[in-house]
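Have a look at work38.txt below; it lists compact mmCIF, C-alpha atoms and all ligand atoms.
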# COMPACT_ATOMS: atom_id res chain seq x y z
CA MET A 1 133.44 44.52 84.86
CA ALA A 2 135.15 44.75 81.47
CA ARG A 3 137.08 41.59 82.39
CA VAL A 4 133.93 39.86 83.60
CA ALA A 5 132.26 40.70 80.28
CA LYS A 6 135.24 39.43 78.33
CA GLY A 7 135.18 36.17 80.26
CA LYS A 8 131.57 35.73 79.23
CA GLY A 9 132.29 36.49 75.58
CA VAL A 10 130.48 39.85 75.47
CA VAL A 11 131.41 43.52 75.48
CA LEU A 12 130.52 45.99 78.20
CA ARG A 13 128.37 49.00 77.44
CA PRO A 14 128.87 50.84 80.73
CA HIS A 15 125.91 52.75 82.13
CA VAL A 16 127.27 56.19 82.94
CA LYS A 17 124.29 57.38 84.97
CA THR A 18 125.94 56.19 88.19
CA HIS A 19 128.95 58.48 88.00
CA LYS A 20 128.12 61.01 85.22
CA CYS A 21 131.82 61.85 85.19
CA ALA A 22 134.26 61.96 82.25
CA GLU A 23 137.27 60.94 84.37
CA VAL A 24 135.49 57.85 85.69
CA TRP A 25 134.42 56.93 82.17
CA ALA A 26 138.02 57.33 80.95
CA ASP A 27 139.12 54.84 83.62
CA ILE A 28 136.44 52.40 82.53
CA CYS A 29 137.52 52.69 78.89
CA ALA A 30 141.17 52.13 79.84
CA ALA A 31 140.25 48.57 80.84
CA GLY A 32 139.21 47.84 77.22
CA ASN A 33 136.36 45.60 76.00
CA THR A 34 133.76 48.36 76.05
CA CYS A 35 131.43 49.47 73.26
CA GLY A 36 130.05 52.96 73.66
CA ILE A 37 127.92 53.93 76.62
CA THR A 38 124.44 53.63 78.08
CA VAL A 39 122.76 56.85 79.25
CA SER A 40 119.58 57.64 81.11
CA THR A 41 119.27 61.29 80.05
CA LEU A 42 120.03 63.29 76.93
CA GLU A 43 122.14 65.56 79.12
CA GLU A 44 124.44 62.57 79.78
CA ALA A 45 124.47 61.81 76.04
CA GLU A 46 125.56 65.38 75.24
CA TYR A 47 128.13 65.56 78.04
CA PHE A 48 129.78 62.23 77.22
CA HIS A 49 129.70 62.90 73.48
CA ALA A 50 131.57 66.13 74.18
CA HIS A 51 134.11 63.92 76.00
CA GLY A 52 134.49 61.46 73.11
CA ALA A 53 131.63 58.93 73.34
CA ASN A 54 130.17 58.20 69.92
CA ASP A 55 128.02 55.11 70.31
CA ILE A 56 125.26 56.00 72.76
CA LEU A 57 122.31 53.90 73.89
CA TYR A 58 119.62 56.11 75.41
CA ALA A 59 118.05 53.42 77.58
CA VAL A 60 114.72 54.87 78.63
CA GLY A 61 111.62 54.79 76.45
CA LEU A 62 112.03 57.33 73.67
CA ALA A 63 109.45 60.11 73.39
CA PRO A 64 109.10 61.68 69.91
CA GLY A 65 109.68 65.17 71.37
CA LYS A 66 113.29 64.22 72.12
CA ILE A 67 114.27 63.48 68.54
CA ALA A 68 115.20 67.10 67.78
CA ARG A 69 117.90 66.99 70.45
CA ILE A 70 119.10 63.60 69.29
CA ALA A 71 119.33 64.96 65.73
CA LYS A 72 121.78 67.62 66.93
CA LEU A 73 124.01 64.94 68.43
CA VAL A 74 123.80 62.86 65.27
CA ALA A 75 124.79 65.93 63.24
CA LYS A 76 127.94 66.10 65.39
CA GLY A 77 128.81 62.50 64.54
CA ALA A 78 127.17 60.49 67.33
CA ARG A 79 125.22 57.27 66.81
CA VAL A 80 122.30 57.46 69.25
CA THR A 81 120.07 54.42 69.67
CA GLY A 82 116.69 54.72 71.33
CA ILE A 83 114.45 52.09 72.92
CA LEU A 84 110.70 51.51 72.74
CA ASP A 85 108.10 48.98 73.78
CA ASP A 86 104.89 50.36 72.30
CA LEU A 87 103.45 50.02 68.83
CA THR A 88 101.65 53.34 68.97
CA VAL A 89 104.89 55.30 69.31
CA VAL A 90 106.46 53.82 66.16
CA ARG A 91 104.45 56.03 63.82
CA LEU A 92 105.32 59.14 65.87
CA LEU A 93 109.02 58.28 66.02
CA GLU A 94 109.02 57.58 62.29
CA ALA A 95 107.48 61.02 61.61
CA ALA A 96 109.90 62.82 63.95
CA ALA A 97 112.97 60.99 62.61
CA ASN A 98 111.87 61.69 59.05
CA GLU A 99 111.36 65.38 59.84
CA HIS A 100 114.96 65.58 61.06
CA GLY A 101 116.39 63.55 58.19
CA LEU A 102 117.47 60.66 60.44
CA VAL A 103 117.50 56.90 60.13
CA LEU A 104 117.12 56.30 63.83
CA PRO A 105 118.38 53.04 65.34
CA LEU A 106 115.95 51.52 67.85
CA MET A 107 116.01 48.53 70.16
CA ILE A 108 112.89 46.82 71.39
CA GLU A 109 112.72 46.81 75.19
CA LEU A 110 111.81 43.44 76.69
CA ASP A 111 110.16 42.75 80.01
CA VAL A 112 111.76 39.55 81.33
CA ASP A 113 110.53 39.64 84.91
CA GLY A 114 107.48 41.87 85.21
CA HIS A 115 109.54 44.52 86.93
CA ARG A 116 109.27 47.59 84.72
CA ALA A 117 108.72 48.44 81.06
CA GLY A 118 109.06 46.24 77.98
CA VAL A 119 107.14 43.78 75.84
CA ASP A 120 106.81 40.10 76.60
CA PRO A 121 109.65 38.38 74.67
CA LEU A 122 107.32 35.48 73.81
CA SER A 123 104.37 37.62 72.68
CA ASP A 124 102.94 38.41 69.23
CA GLU A 125 103.35 42.06 70.17
CA LEU A 126 107.13 41.65 69.92
CA LEU A 127 106.87 40.60 66.27
CA ASP A 128 104.31 43.32 65.51
CA LEU A 129 106.73 45.89 66.87
CA ALA A 130 109.66 44.42 64.92
CA ALA A 131 107.61 44.51 61.71
CA ALA A 132 106.49 48.10 62.32
CA ILE A 133 110.02 49.34 62.95
CA ALA A 134 111.51 47.37 60.06
CA GLY A 135 108.81 48.78 57.77
CA ALA A 136 109.48 52.42 58.72
CA PRO A 137 112.04 54.02 56.35
CA SER A 138 113.34 56.48 58.97
CA LEU A 139 113.80 53.82 61.66
CA HIS A 140 116.26 50.95 61.92
CA LEU A 141 115.69 47.87 64.07
CA ALA A 142 119.04 47.50 65.85
CA GLY A 143 118.18 44.77 68.33
CA VAL A 144 116.59 43.95 71.67
CA MET A 145 117.48 45.03 75.18
CA THR A 146 116.32 44.35 78.70
CA HIS A 147 117.16 45.16 82.29
CA ALA A 148 116.34 42.44 84.81
CA GLY A 149 115.22 44.77 87.58
CA GLY A 150 113.81 41.83 89.50
CA SER A 151 117.41 40.77 90.24
CA TYR A 152 117.71 43.54 92.86
CA ALA A 153 115.39 41.55 95.11
CA ALA A 154 117.75 38.56 95.18
CA THR A 155 119.59 37.90 98.42
CA ASP A 156 121.06 34.50 97.60
CA GLY A 157 123.24 33.24 94.78
CA ALA A 158 120.79 30.69 93.40
CA THR A 159 117.98 33.26 92.99
CA LEU A 160 120.40 35.72 91.42
CA ASN A 161 121.83 33.17 88.98
CA SER A 162 118.35 32.19 87.92
CA ALA A 163 117.38 35.86 87.36
CA ALA A 164 120.52 36.30 85.26
CA GLN A 165 119.88 33.17 83.18
CA ASN A 166 116.27 34.19 82.67
CA GLU A 167 117.37 37.65 81.48
CA ALA A 168 119.83 36.16 78.96
CA SER A 169 117.68 33.27 77.73
CA LEU A 170 114.53 35.31 77.15
CA SER A 171 116.47 38.04 75.34
CA VAL A 172 118.18 35.53 73.05
CA LYS A 173 114.82 33.86 72.46
CA ALA A 174 113.24 37.21 71.51
CA ALA A 175 116.06 37.92 69.04
CA GLU A 176 115.66 34.44 67.49
CA ARG A 177 111.92 34.98 67.08
CA ILE A 178 112.50 38.33 65.37
CA ARG A 179 115.06 36.81 63.00
CA ALA A 180 112.82 33.84 62.26
CA ALA A 181 110.10 36.32 61.28
CA GLY A 182 112.48 37.72 58.66
CA PHE A 183 113.83 40.84 60.38
CA GLU A 184 117.33 41.89 61.44
CA CYS A 185 118.21 41.78 65.12
CA GLU A 186 121.93 42.36 65.50
CA ILE A 187 122.24 43.44 69.13
CA VAL A 188 121.14 41.50 72.20
CA SER A 189 121.81 43.85 75.11
CA ILE A 190 121.14 42.82 78.71
CA GLY A 191 122.27 43.74 82.13
CA SER A 192 122.42 45.12 85.57
CA THR A 193 125.29 44.89 88.04
CA PRO A 194 123.78 41.91 89.93
CA THR A 195 123.03 39.85 86.82
CA ALA A 196 126.33 40.78 85.17
CA LEU A 197 128.15 39.37 88.20
CA ALA A 198 125.98 36.25 88.43
CA GLU A 199 126.57 32.94 86.70
CA ALA A 200 124.72 32.56 83.43
CA ASP A 201 125.37 31.26 79.93
CA LEU A 202 125.46 34.34 77.68
CA THR A 203 125.76 32.55 74.34
CA ASP A 204 124.28 34.81 71.61
CA VAL A 205 124.08 37.82 73.93
CA THR A 206 126.21 40.57 72.38
CA GLU A 207 126.65 43.11 75.20
CA ILE A 208 126.03 43.68 78.89
CA ARG A 209 125.20 46.97 80.53
CA ALA A 210 126.09 47.79 84.13
CA GLY A 211 126.47 51.00 86.08
CA VAL A 212 126.42 50.84 89.84
CA TYR A 213 129.38 48.43 89.95
CA THR A 214 131.48 51.54 89.26
CA PHE A 215 131.23 52.48 92.94
CA PHE A 216 129.19 49.61 94.44
CA ASP A 217 126.96 50.38 97.41
CA LEU A 218 125.19 48.82 100.39
CA VAL A 219 122.35 47.41 98.28
CA MET A 220 124.90 45.55 96.14
CA ALA A 221 126.59 44.32 99.32
CA GLY A 222 123.19 43.15 100.57
CA ILE A 223 122.60 41.22 97.34
CA GLY A 224 126.03 39.66 97.84
CA VAL A 225 127.82 40.93 94.71
CA ALA A 226 130.07 43.37 96.61
CA GLN A 227 131.98 43.52 99.88
CA ILE A 228 131.57 46.51 102.17
CA ASP A 229 135.25 47.41 101.71
CA GLU A 230 134.78 47.54 97.92
CA ILE A 231 132.37 50.49 98.13
CA ALA A 232 134.26 53.40 96.57
CA LEU A 233 131.82 56.22 97.29
CA SER A 234 131.24 57.82 100.69
CA VAL A 235 129.96 61.09 102.07
CA LEU A 236 132.28 62.83 104.53
CA ALA A 237 130.15 64.10 107.40
CA THR A 238 130.95 66.07 110.54
CA VAL A 239 129.46 65.61 114.01
CA ILE A 240 127.70 68.90 114.73
CA GLY A 241 125.72 68.00 117.86
CA TYR A 242 124.01 65.35 119.96
CA SER A 243 120.46 64.13 120.14
CA ARG A 244 120.44 63.57 123.92
CA SER A 245 116.93 62.21 124.12
CA ASN A 246 117.75 59.17 122.00
CA GLY A 247 121.52 58.86 122.46
CA CYS A 248 122.41 59.69 118.85
CA LEU A 249 124.95 61.90 117.12
CA VAL A 250 123.78 64.69 114.86
CA THR A 251 125.80 65.24 111.66
CA ASP A 252 125.72 67.77 108.84
CA ALA A 253 124.83 65.06 106.28
CA GLY A 254 121.07 64.73 106.01
CA TRP A 255 119.18 63.52 102.98
CA MET A 256 120.42 66.46 100.89
CA ALA A 257 123.86 64.85 101.15
CA LEU A 258 122.94 61.16 101.32
CA SER A 259 119.66 61.01 99.36
CA ARG A 260 116.45 59.55 100.73
CA ASP A 261 117.15 56.13 99.25
CA ARG A 262 116.26 53.32 101.67
CA GLY A 263 117.16 50.49 99.34
CA THR A 264 118.42 48.20 102.11
CA GLN A 265 115.11 48.41 104.00
CA SER A 266 113.78 45.31 102.27
CA GLN A 267 117.06 43.39 102.60
CA PRO A 268 118.02 41.13 105.52
CA VAL A 269 120.33 43.86 106.91
CA ASP A 270 118.68 47.29 106.99
CA GLN A 271 121.44 49.92 106.85
CA GLY A 272 119.16 52.87 107.60
CA TYR A 273 120.27 55.82 105.47
CA GLY A 274 123.87 54.57 105.37
CA LEU A 275 126.58 52.68 107.18
CA VAL A 276 128.85 54.82 109.36
CA CYS A 277 132.64 54.55 109.10
CA ASP A 278 135.57 56.42 110.58
CA GLU A 279 137.46 58.89 108.43
CA ASP A 280 139.55 56.05 107.03
CA THR A 281 136.40 54.25 105.87
CA ARG A 282 136.53 51.54 108.55
CA PRO A 283 132.95 50.67 109.56
CA ILE A 284 132.23 51.57 113.19
CA SER A 285 130.70 48.73 115.16
CA ASP A 286 127.13 48.78 114.02
CA LEU A 287 126.56 52.51 113.71
CA ILE A 288 124.12 53.53 110.99
CA VAL A 289 122.40 56.72 109.93
CA ARG A 290 119.11 56.05 111.65
CA GLY A 291 117.26 59.12 110.50
CA CYS A 292 117.62 61.96 108.04
CA ASN A 293 116.29 65.47 108.03
CA GLN A 294 117.06 67.71 105.10
CA GLU A 295 120.42 68.90 106.49
CA HIS A 296 120.85 66.74 109.59
CA GLY A 297 121.79 63.09 109.84
CA ILE A 298 120.91 61.15 112.99
CA VAL A 299 123.61 58.56 113.69
CA GLY A 300 123.02 55.82 116.21
CA PRO A 301 123.56 52.15 116.98
CA ARG A 302 121.58 49.74 114.81
CA ASP A 303 119.87 48.55 118.02
CA PRO A 304 117.59 51.46 119.02
CA GLU A 305 117.84 50.44 122.68
CA GLU A 306 121.54 51.28 122.72
CA ARG A 307 123.02 54.76 123.14
CA ILE A 308 126.25 56.28 121.87
CA ASP A 309 128.99 57.30 124.29
CA PHE A 310 129.17 60.96 123.19
CA ALA A 311 132.69 61.36 124.67
CA GLN A 312 134.00 59.13 121.87
CA TYR A 313 132.70 61.55 119.24
CA PRO A 314 133.65 65.15 120.10
CA LEU A 315 132.05 67.90 118.05
CA GLY A 316 133.88 68.16 114.76
CA THR A 317 134.58 64.40 114.50
CA ARG A 318 134.50 63.38 110.86
CA LEU A 319 132.68 60.25 109.77
CA ARG A 320 132.28 58.62 106.36
CA ILE A 321 128.86 57.39 105.37
CA LEU A 322 128.59 54.54 102.87
CA PRO A 323 125.50 54.93 100.67
CA ASN A 324 122.57 52.58 100.15
CA HIS A 325 122.38 53.51 96.48
CA ALA A 326 125.47 55.07 94.93
CA CYS A 327 123.61 56.59 91.94
CA ALA A 328 121.20 58.43 94.21
CA THR A 329 123.85 59.65 96.65
CA ALA A 330 126.24 60.81 93.92
CA ALA A 331 123.32 62.70 92.34
CA GLN A 332 123.18 64.95 95.42
CA HIS A 333 126.65 66.32 94.59
CA THR A 334 128.30 68.29 91.78
CA SER A 335 131.79 66.77 92.08
CA TYR A 336 133.84 63.96 93.62
CA ALA A 337 136.75 64.57 95.96
CA VAL A 338 139.17 61.83 94.89
CA THR A 339 141.13 60.65 97.89
CA GLU A 340 144.23 58.66 98.67
CA SER A 341 144.01 57.86 102.36
CA ARG A 342 142.74 61.14 103.81
CA THR A 343 144.33 63.36 101.17
CA VAL A 344 142.20 64.83 98.41
CA VAL A 345 144.32 64.32 95.29
CA ASP A 346 141.83 65.51 92.69
CA VAL A 347 138.34 66.90 92.21
CA TRP A 348 136.24 65.45 89.41
CA HIS A 349 133.20 67.28 88.10
CA ARG A 350 129.99 65.35 87.39
CA THR A 351 127.20 66.40 85.08
CA THR A 352 123.61 66.75 86.20
CA GLY A 353 120.14 67.53 84.89
CA TRP A 354 118.15 66.24 81.98
C1 LIG A 401 118.30 50.13 81.19
C2 LIG A 401 119.33 49.92 82.23
N1 LIG A 401 120.45 49.28 81.90
C3 LIG A 401 121.43 49.06 82.80
C4 LIG A 401 121.30 49.49 84.10
C5 LIG A 401 122.45 49.27 85.04
O1 LIG A 401 122.10 48.59 86.19
P1 LIG A 401 123.08 48.62 87.45
O2 LIG A 401 123.10 50.01 87.94
O3 LIG A 401 122.52 47.63 88.38
O4 LIG A 401 124.42 48.22 86.96
C6 LIG A 401 120.13 50.16 84.49
C7 LIG A 401 119.94 50.61 85.87
O5 LIG A 401 118.90 51.05 86.28
C8 LIG A 401 119.11 50.38 83.53
O6 LIG A 401 117.98 51.03 83.82

Rewrite the coordinates I just gave you, this time as structure tokens.
Ligand SMILES: Cc1ncc(COP(=O)(O)O)c(C=O)c1O
Amino acid sequence: MARVAKGKGVVLRPHVKTHKCAEVWADICAAGNTCGITVSTLEEAEYFHAHGANDILYAVGLAPGKIARIAKLVAKGARVTGILDDLTVVRLLEAAANEHGLVLPLMIELDVDGHRAGVDPLSDELLDLAAAIAGAPSLHLAGVMTHAGGSYAATDGATLNSAAQNEASLSVKAAERIRAAGFECEIVSIGSTPTALAEADLTDVTEIRAGVYTFFDLVMAGIGVAQIDEIALSVLATVIGYSRSNGCLVTDAGWMALSRDRGTQSQPVDQGYGLVCDEDTRPISDLIVRGCNQEHGIVGPRDPEERIDFAQYPLGTRLRILPNHACATAAQHTSYAVTESRTVVDVWHRTTGW
């Protein structure tokens, strides 16, 4: 992804929420062309700062009550940038930043596709927000940012490329409007894994953010930006019984191990709760996790009319399940078993919580 960013003339600000792991982040940094990190929780900010990250974008709307914690990080040398999309919060953030003696960098969040939060990049509200932040002594207008969440619905290249171009063009346009109104707007930050890997002209964009590319997952494969054999994260499950009434295997990996994410449900190929592989991560002809209880996974053929030949899967057989959504599946676990073939060569801790 760092290479992809370089090819497009931007730097990568990796989103660490996918892996939440210092060793993975070190690997990402080793590739070069990165600038700081993106986080989704202050816990991630604290953990990664303790592991050497100094330039941190906290990329969910900033509530004034969180400034005290940010101030502690700033006191330790971190630059923490927040995001906002609401005029009413500016006054509260200004008061909180002032109380803690900060000049807090903020980016205005843009809504480029009606998917989530953000202000309309072409609206008057954008300029009102820019003026309010620029006029607040304890705040600093650092730039604009957006996340084209609508891109996750793309299942063909043309739709994806157009989502990516829309994300870039509207963000650049917003920055130009802010500058034309007489305010600074240094950073233009965009990104998601699908749009980062799509074709788009990123002239005047300064950085891209991406996270789930770190492991990839079945949703990314369904969008077409990853191959199944590029998915780096799997859950090792064991066959612990048989569901004789419906011809399925029962494993010890239910939703507590896999998560309840059903992200492929709306895609052309529904992968249930995960795609089933052998222990060497070779997909097994059309077996998916059809159902999930808390501790039990129900593994069966994609076609519900078909039944599994139980003799092929003695009790104790180990299967690897590829996840729909890597961030959600990884979040069910406290560490990664790093493997080479079947051998665990290392165990990497991941942080958790808020
Ligand atoms: C603000 C923001 N930036 C970047 C990303 C990274 O997107 P992806 O995981 O598709 O790479 C996300 C993901 O939700 C996000 O919310």

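Among the candidate residues A:Val90, A:Leu315, A:Ala117, A:Leu233, the one lying nearest to ligand LIG 401 (chain A) is A:Ala117, with distances computed using all atoms listed in the file.
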
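Going from atom CA of His333 of chain A to atom CA of Val235 of chain A covers 9.7 Å.
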
Segment 158-161 of chain A surroundings by only C-alpha atoms, 8 Å radius, close-in-sequence under 6 positions cut, as a compact mmCIF listing (two decimals) with C-alpha atoms, in the frame of the given file:
# COMPACT_ATOMS: atom_id res chain seq x y z
CA SER A 151 117.41 40.77 90.24
CA PRO A 194 123.78 41.91 89.93
CA THR A 195 123.03 39.85 86.82
CA ALA A 198 125.98 36.25 88.43
CA GLU A 199 126.57 32.94 86.70
CA ALA A 200 124.72 32.56 83.43

Site check for ligand LIG 401 (chain A): residues at most 8 Å away, only C-alpha atoms and all ligand atoms, as a VMD selection string: chain A and resid 14 to 15 18 38 40 59 to 60 145 to 147 149 152 190 to 196 209 to 213 327

Convert the current residue selection to file output with C-alpha atoms, as a compact mmCIF listing (two decimals), keeping the file's coordinate frame.
# COMPACT_ATOMS: atom_id res chain seq x y z
CA PRO A 14 128.87 50.84 80.73
CA HIS A 15 125.91 52.75 82.13
CA THR A 18 125.94 56.19 88.19
CA THR A 38 124.44 53.63 78.08
CA SER A 40 119.58 57.64 81.11
CA ALA A 59 118.05 53.42 77.58
CA VAL A 60 114.72 54.87 78.63
CA MET A 145 117.48 45.03 75.18
CA THR A 146 116.32 44.35 78.70
CA HIS A 147 117.16 45.16 82.29
CA GLY A 149 115.22 44.77 87.58
CA TYR A 152 117.71 43.54 92.86
CA ILE A 190 121.14 42.82 78.71
CA GLY A 191 122.27 43.74 82.13
CA SER A 192 122.42 45.12 85.57
CA THR A 193 125.29 44.89 88.04
CA PRO A 194 123.78 41.91 89.93
CA THR A 195 123.03 39.85 86.82
CA ALA A 196 126.33 40.78 85.17
CA ARG A 209 125.20 46.97 80.53
CA ALA A 210 126.09 47.79 84.13
CA GLY A 211 126.47 51.00 86.08
CA VAL A 212 126.42 50.84 89.84
CA TYR A 213 129.38 48.43 89.95
CA CYS A 327 123.61 56.59 91.94

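Nearest-residue note for Gly182 of chain A: choosing from A:Gly135, A:Tyr47, A:Ala53, A:Leu202, the minimum distance belongs to A:Gly135, counting all atoms listed in the file.
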
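Proximity ranking of A:Gln165, A:Ala95, A:Asp156, A:Ala180 relative to Ser138 of chain A places A:Ala95 first, based on all atoms listed in the file.
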
Pick from A:Ala168, A:Ile288, A:Asp113, A:Leu93 nearest to Asp204 of chain A, counting only C-alpha atoms: A:Ala168

Best match for closeness to Ala131 of chain A among A:Ala148, A:Ile178, A:Cys29, A:Val103, counting only C-alpha atoms: A:Ile178

Best match for closeness to Glu46 of chain A among A:Ala142, A:Ala71, A:Ala328, A:Leu106, counting only C-alpha atoms: A:Ala71

Residues within 10 Å of Arg260 of chain A, all atoms listed in the file, excluding chain neighbours under 3 positions, as a count of residues only: 15
